[in-house]
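Visitor: Sharing my_file_13.csv here; it has CSV, C-alpha atoms and all ligand atoms.
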```csv
chain,number,residue,atom,x,y,z
S,1,MET,CA,93.6,61.0,63.2
S,2,LEU,CA,97.3,61.6,63.3
S,3,VAL,CA,98.6,63.3,60.2
S,4,GLY,CA,102.1,64.3,58.9
S,5,ASP,CA,105.0,64.0,61.4
S,6,ALA,CA,102.7,63.4,64.3
S,7,GLY,CA,101.6,60.2,62.6
S,8,GLY,CA,105.1,59.2,61.7
S,9,PHE,CA,104.5,59.9,58.0
S,10,ALA,CA,108.0,60.6,56.7
S,11,ASP,CA,110.1,58.8,54.1
S,12,PRO,CA,112.6,56.6,55.8
S,13,ILE,CA,115.2,57.0,53.0
S,14,SER,CA,114.9,60.7,52.1
S,15,GLY,CA,113.5,62.0,55.4
S,16,GLU,CA,111.0,64.0,53.3
S,17,GLY,CA,107.7,64.6,55.0
S,18,LEU,CA,106.0,67.4,53.2
S,19,TYR,CA,104.3,65.3,50.6
S,20,MET,CA,102.9,62.9,53.2
S,21,ALA,CA,101.9,65.7,55.5
S,22,LEU,CA,99.8,67.3,52.8
S,23,GLN,CA,98.5,64.0,51.6
S,24,THR,CA,97.4,62.7,55.0
S,25,GLY,CA,95.9,66.2,55.8
S,26,ILE,CA,93.8,65.9,52.7
S,27,TYR,CA,92.8,62.3,53.6
S,28,ALA,CA,91.8,63.4,57.1
S,29,ALA,CA,89.7,66.3,55.8
S,30,GLN,CA,87.9,63.9,53.4
S,31,ALA,CA,87.5,61.3,56.1
S,32,VAL,CA,85.8,63.5,58.7
S,33,LYS,CA,83.1,64.3,56.2
S,34,THR,CA,82.1,60.6,56.1
S,35,GLN,CA,80.1,58.4,58.5
S,36,GLU,CA,83.1,56.2,59.3
S,37,PRO,CA,86.1,58.6,59.5
S,38,LYS,CA,88.5,56.2,61.2
S,39,ARG,CA,87.9,53.4,58.7
S,40,ARG,CA,88.1,55.8,55.8
S,41,TYR,CA,91.3,57.4,57.0
S,42,LEU,CA,93.1,54.1,57.7
S,43,GLN,CA,92.1,52.8,54.3
S,44,ALA,CA,93.3,56.0,52.6
S,45,VAL,CA,96.7,56.1,54.3
S,46,ARG,CA,97.4,52.3,53.6
S,47,PRO,CA,99.6,52.9,50.5
S,48,LEU,CA,101.6,55.5,52.4
S,49,LEU,CA,102.1,53.1,55.3
S,50,GLN,CA,103.3,50.5,52.8
S,51,ILE,CA,105.9,52.9,51.4
S,52,ILE,CA,107.1,53.6,54.9
S,53,ARG,CA,107.3,49.9,55.8
S,54,ASP,CA,109.2,49.1,52.6
S,55,GLY,CA,111.4,52.1,53.0
S,56,ARG,CA,112.4,50.9,56.5
S,57,ARG,CA,113.5,47.6,55.1
S,58,VAL,CA,115.5,49.3,52.3
S,59,GLN,CA,116.9,51.8,54.8
S,60,LYS,CA,119.1,49.2,56.5
S,61,LEU,CA,120.7,48.4,53.2
S,62,PHE,CA,120.8,51.9,51.8
S,63,TYR,CA,122.6,53.4,54.8
S,64,HIS,CA,124.9,50.5,55.3
S,65,PRO,CA,128.4,52.3,55.1
S,66,ALA,CA,129.7,50.0,52.4
S,67,VAL,CA,126.6,50.3,50.2
S,68,HIS,CA,126.0,54.0,50.8
S,69,SER,CA,129.5,55.2,49.9
S,70,ARG,CA,129.4,53.1,46.7
S,71,LEU,CA,126.0,54.5,45.8
S,72,LEU,CA,127.0,58.1,46.5
S,73,HIS,CA,130.2,57.6,44.4
S,74,ARG,CA,128.1,56.4,41.5
S,75,VAL,CA,125.6,59.2,41.4
S,76,GLN,CA,128.1,62.0,42.2
S,77,GLY,CA,128.2,64.4,39.3
S,78,ASN,CA,125.3,62.5,37.6
S,79,SER,CA,122.6,65.1,37.8
S,80,ARG,CA,120.5,63.2,35.3
S,81,ALA,CA,120.2,60.2,37.5
S,82,VAL,CA,119.5,62.3,40.5
S,83,ARG,CA,116.9,64.3,38.7
S,84,PHE,CA,115.2,61.1,37.4
S,85,TYR,CA,115.1,59.7,40.9
S,86,PHE,CA,113.7,62.8,42.4
S,87,ASP,CA,111.1,63.3,39.7
S,88,ALA,CA,109.9,59.7,39.8
S,89,GLN,CA,110.3,58.8,43.4
S,90,VAL,CA,110.5,61.8,45.7
S,91,ASP,CA,108.0,64.0,43.9
S,92,ASP,CA,105.1,61.6,43.5
S,93,TYR,CA,106.1,58.1,44.5
S,94,ARG,CA,105.6,56.6,41.1
S,95,TYR,CA,107.6,53.6,42.4
S,96,THR,CA,107.4,52.0,45.7
S,97,TYR,CA,110.6,50.9,47.4
S,98,ARG,CA,109.8,47.3,46.3
S,99,GLN,CA,110.1,48.6,42.7
S,100,MET,CA,113.6,50.0,42.9
S,101,HIS,CA,114.8,47.6,40.2
S,102,LYS,CA,112.0,48.8,37.9
S,103,LEU,CA,113.0,52.4,38.6
S,104,TYR,CA,116.6,51.6,37.7
S,105,LYS,CA,115.5,49.7,34.5
S,106,ASP,CA,113.3,52.7,33.4
S,107,TYR,CA,116.1,55.1,34.0
S,108,LYS,CA,118.4,53.0,31.9
S,109,ARG,CA,115.8,52.8,29.2
S,110,SER,CA,115.2,56.6,29.3
S,111,ARG,CA,118.9,57.3,28.4
S,201,LIG,C1,115.6,70.8,58.9
S,201,LIG,C2,114.5,70.1,58.2
S,201,LIG,C3,114.5,70.1,56.8
S,201,LIG,C4,113.5,69.4,56.1
S,201,LIG,N1,113.5,69.3,54.8
S,201,LIG,C5,112.5,68.7,54.1
S,201,LIG,C6,112.5,68.7,52.7
S,201,LIG,O1,113.4,69.3,52.0
S,201,LIG,N2,111.5,68.1,52.1
S,201,LIG,C7,110.5,67.5,52.8
S,201,LIG,O2,109.6,66.9,52.1
S,201,LIG,N3,110.5,67.4,54.1
S,201,LIG,C8,111.5,68.1,54.8
S,201,LIG,N4,111.5,68.1,56.2
S,201,LIG,C9,110.4,67.4,56.9
S,201,LIG,C10,109.1,68.3,56.9
S,201,LIG,O3,109.5,69.6,57.3
S,201,LIG,C11,108.1,67.7,57.8
S,201,LIG,O4,107.9,66.3,57.5
S,201,LIG,C12,106.7,68.4,57.6
S,201,LIG,O5,106.9,69.8,57.8
S,201,LIG,C13,105.7,67.8,58.5
S,201,LIG,O6,104.5,68.6,58.5
S,201,LIG,P1,103.5,68.6,59.7
S,201,LIG,O7,102.4,69.5,59.3
S,201,LIG,O8,103.2,67.2,60.1
S,201,LIG,O9,104.4,69.2,60.9
S,201,LIG,P2,105.0,70.6,61.1
S,201,LIG,O10,105.4,71.2,59.8
S,201,LIG,O11,106.0,70.4,62.2
S,201,LIG,O12,103.8,71.4,61.7
S,201,LIG,C14,103.3,71.3,63.0
S,201,LIG,C15,102.9,72.6,63.5
S,201,LIG,O13,102.2,72.5,64.8
S,201,LIG,C16,102.7,73.5,65.6
S,201,LIG,N5,102.4,73.0,67.0
S,201,LIG,C17,103.1,72.1,67.7
S,201,LIG,N6,102.6,72.0,68.9
S,201,LIG,C18,101.5,72.8,69.0
S,201,LIG,C19,100.5,73.0,70.0
S,201,LIG,N7,100.6,72.4,71.2
S,201,LIG,N8,99.6,73.9,69.7
S,201,LIG,C20,99.5,74.6,68.5
S,201,LIG,N9,100.4,74.3,67.5
S,201,LIG,C21,101.4,73.5,67.8
S,201,LIG,C22,104.1,73.7,65.3
S,201,LIG,O14,104.6,75.0,65.7
S,201,LIG,C23,104.1,73.6,63.8
S,201,LIG,O15,103.9,74.8,63.1
S,201,LIG,C24,112.5,68.7,56.9
S,201,LIG,C25,112.5,68.8,58.3
S,201,LIG,C26,113.5,69.4,58.9
S,201,LIG,C27,113.5,69.5,60.5
```
Once more with this new file: its structure as structure tokens, please.
Ligand SMILES: Cc1cc2nc3c(=O)[nH]c(=O)nc-3n(C[C@H](O)[C@H](O)[C@H](O)COP(=O)(O)OP(=O)(O)OC[C@H]3O[C@@H](n4cnc5c(N)ncnc54)[C@H](O)[C@@H]3O)c2cc1C
Guide:
Amino acid sequence: MLVGDAGGFADPISGEGLYMALQTGIYAAQAVKTQEPKRRYLQAVRPLLQIIRDGRRVQKLFYHPAVHSRLLHRVQGNSRAVRFYFDAQVDDYRYTYRQMHKLYKDYKRSR
């Protein structure tokens, strides 16, 4: 079982890997206690793999020079928006990268 960075568990957008390293470590520890560790581990990490797959798709758009500079310009000085994003997304993945529009809507609604 590969966990954390060794398993490629890092967020393609933020580069953060601590959450996934801890999470996959917990999943691995839980899986080795079962009769089918490989199956249990692969099943447990599926949602994280989906986040990484989706993030890789969004990554191309997010880091496109034209898009990225506009985005940075919009959030610059807007600590509320940045905090909302970090609390909702980076801290505990309340939204997947497929749900970015929902995150934006919820942020607008929270203002
Ligand atoms: C500069 C930098 C800043 C970062 N900032 C953030 C951040 O702000 N937030 C965030 O979420 N993530 C951040 N990350 C990513 C995060 O640090 C990693 O994703 C996370 O530490 C991965 O944990 P890990 O346990 O998989 O690997 P590691 O933390 O790299 O642990 C692997 C350990 O194995 C040891 N090791 C390697 N080979 C052997 C061997 N042969 N025998 C024994 N031990 C060995 C290493 O010394 C190391 O201690 C950052 C990474 C870098 C490089």
Visitor: List every residue of chain S that has an atom at most 6 Å from any atom of ligand LIG 201 (chain S), and for each one report the closest atom pair and its distance in Å to one decimal, counting only C-alpha atoms and all ligand atoms, with rows sorted by chain and then by increasing residue number, as CSV.
Guide:
```
residue,atom,partner,partner_atom,distance
S:Gly4,CA,S:LIG201,O8,3.3
S:Asp5,CA,S:LIG201,O8,3.9
S:Ala6,CA,S:LIG201,O8,5.7
S:Ala10,CA,S:LIG201,O4,5.8
S:Glu16,CA,S:LIG201,O2,3.4
S:Gly17,CA,S:LIG201,O4,3.0
S:Leu18,CA,S:LIG201,O2,3.8
S:Tyr19,CA,S:LIG201,O2,5.7
S:Ala21,CA,S:LIG201,O6,4.9
```
Visitor: Suppose we keep C-alpha atoms; can you now write the selection as a JSON list (two decimals), in the frame of the given file?
Guide:
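Result went into part_14.json, see below:
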```json
[["chain", "number", "residue", "atom", "x", "y", "z"],
["S", 4, "GLY", "CA", 102.10, 64.30, 58.90],
["S", 5, "ASP", "CA", 105.00, 64.00, 61.40],
["S", 6, "ALA", "CA", 102.70, 63.40, 64.30],
["S", 10, "ALA", "CA", 108.00, 60.60, 56.70],
["S", 16, "GLU", "CA", 111.00, 64.00, 53.30],
["S", 17, "GLY", "CA", 107.70, 64.60, 55.00],
["S", 18, "LEU", "CA", 106.00, 67.40, 53.20],
["S", 19, "TYR", "CA", 104.30, 65.30, 50.60],
["S", 21, "ALA", "CA", 101.90, 65.70, 55.50]]
```
Visitor: Show me as a list of chain:residue names the residues that reach within 12 Å of (91.5, 53.8, 56.1), counting all atoms listed in the file and using the file's own coordinates.
Guide: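 Nearby residues: S:Met1, S:Thr24, S:Tyr27, S:Ala28, S:Gln30, S:Ala31, S:Val32, S:Thr34, S:Glu36, S:Pro37, S:Lys38, S:Arg39, S:Arg40, S:Tyr41, S:Leu42, S:Gln43, S:Ala44, S:Val45, S:Arg46, S:Pro47, S:Leu48, S:Leu49.
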Visitor: I want to know what sits within 9 Å of Ile51 of chain S, based on all atoms listed in the file, with residues of the same chain fewer than 3 positions away left out; could you give that as a PDB file with C-alpha atoms, in the frame of the given file?
Guide:
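This went into part-v8.pdb:
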```
ATOM      1  CA  ASP S  11     110.100  58.800  54.100  1.00  0.00           C
ATOM      2  CA  PRO S  12     112.600  56.600  55.800  1.00  0.00           C
ATOM      3  CA  ARG S  46      97.400  52.300  53.600  1.00  0.00           C
ATOM      4  CA  PRO S  47      99.600  52.900  50.500  1.00  0.00           C
ATOM      5  CA  LEU S  48     101.600  55.500  52.400  1.00  0.00           C
ATOM      6  CA  ASP S  54     109.200  49.100  52.600  1.00  0.00           C
ATOM      7  CA  GLY S  55     111.400  52.100  53.000  1.00  0.00           C
ATOM      8  CA  ARG S  56     112.400  50.900  56.500  1.00  0.00           C
ATOM      9  CA  TYR S  93     106.100  58.100  44.500  1.00  0.00           C
ATOM     10  CA  THR S  96     107.400  52.000  45.700  1.00  0.00           C
ATOM     11  CA  TYR S  97     110.600  50.900  47.400  1.00  0.00           C
ATOM     12  CA  ARG S  98     109.800  47.300  46.300  1.00  0.00           C
TER      13      ARG S  98
END
```
Visitor: Select, from S:Arg111, S:Gly8, S:Gly25, S:Asp106, the residue with the minimum atom-to-atom distance to Arg80 of chain S, counting only C-alpha atoms.
Guide: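 For Arg80 of chain S, the nearest of the candidates is S:Arg111.
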Visitor: Please measure the separation of atom CA of Phe86 of chain S and atom CA of Arg74 of chain S, giving the value in Å to one decimal.
Guide: 15.8 Å
Visitor: Between S:Leu2, S:Met20, S:Phe9, S:Ser79, which residue has the minimum interatomic distance to Asp91 of chain S, considering all atoms listed in the file?
Guide: S:Met20
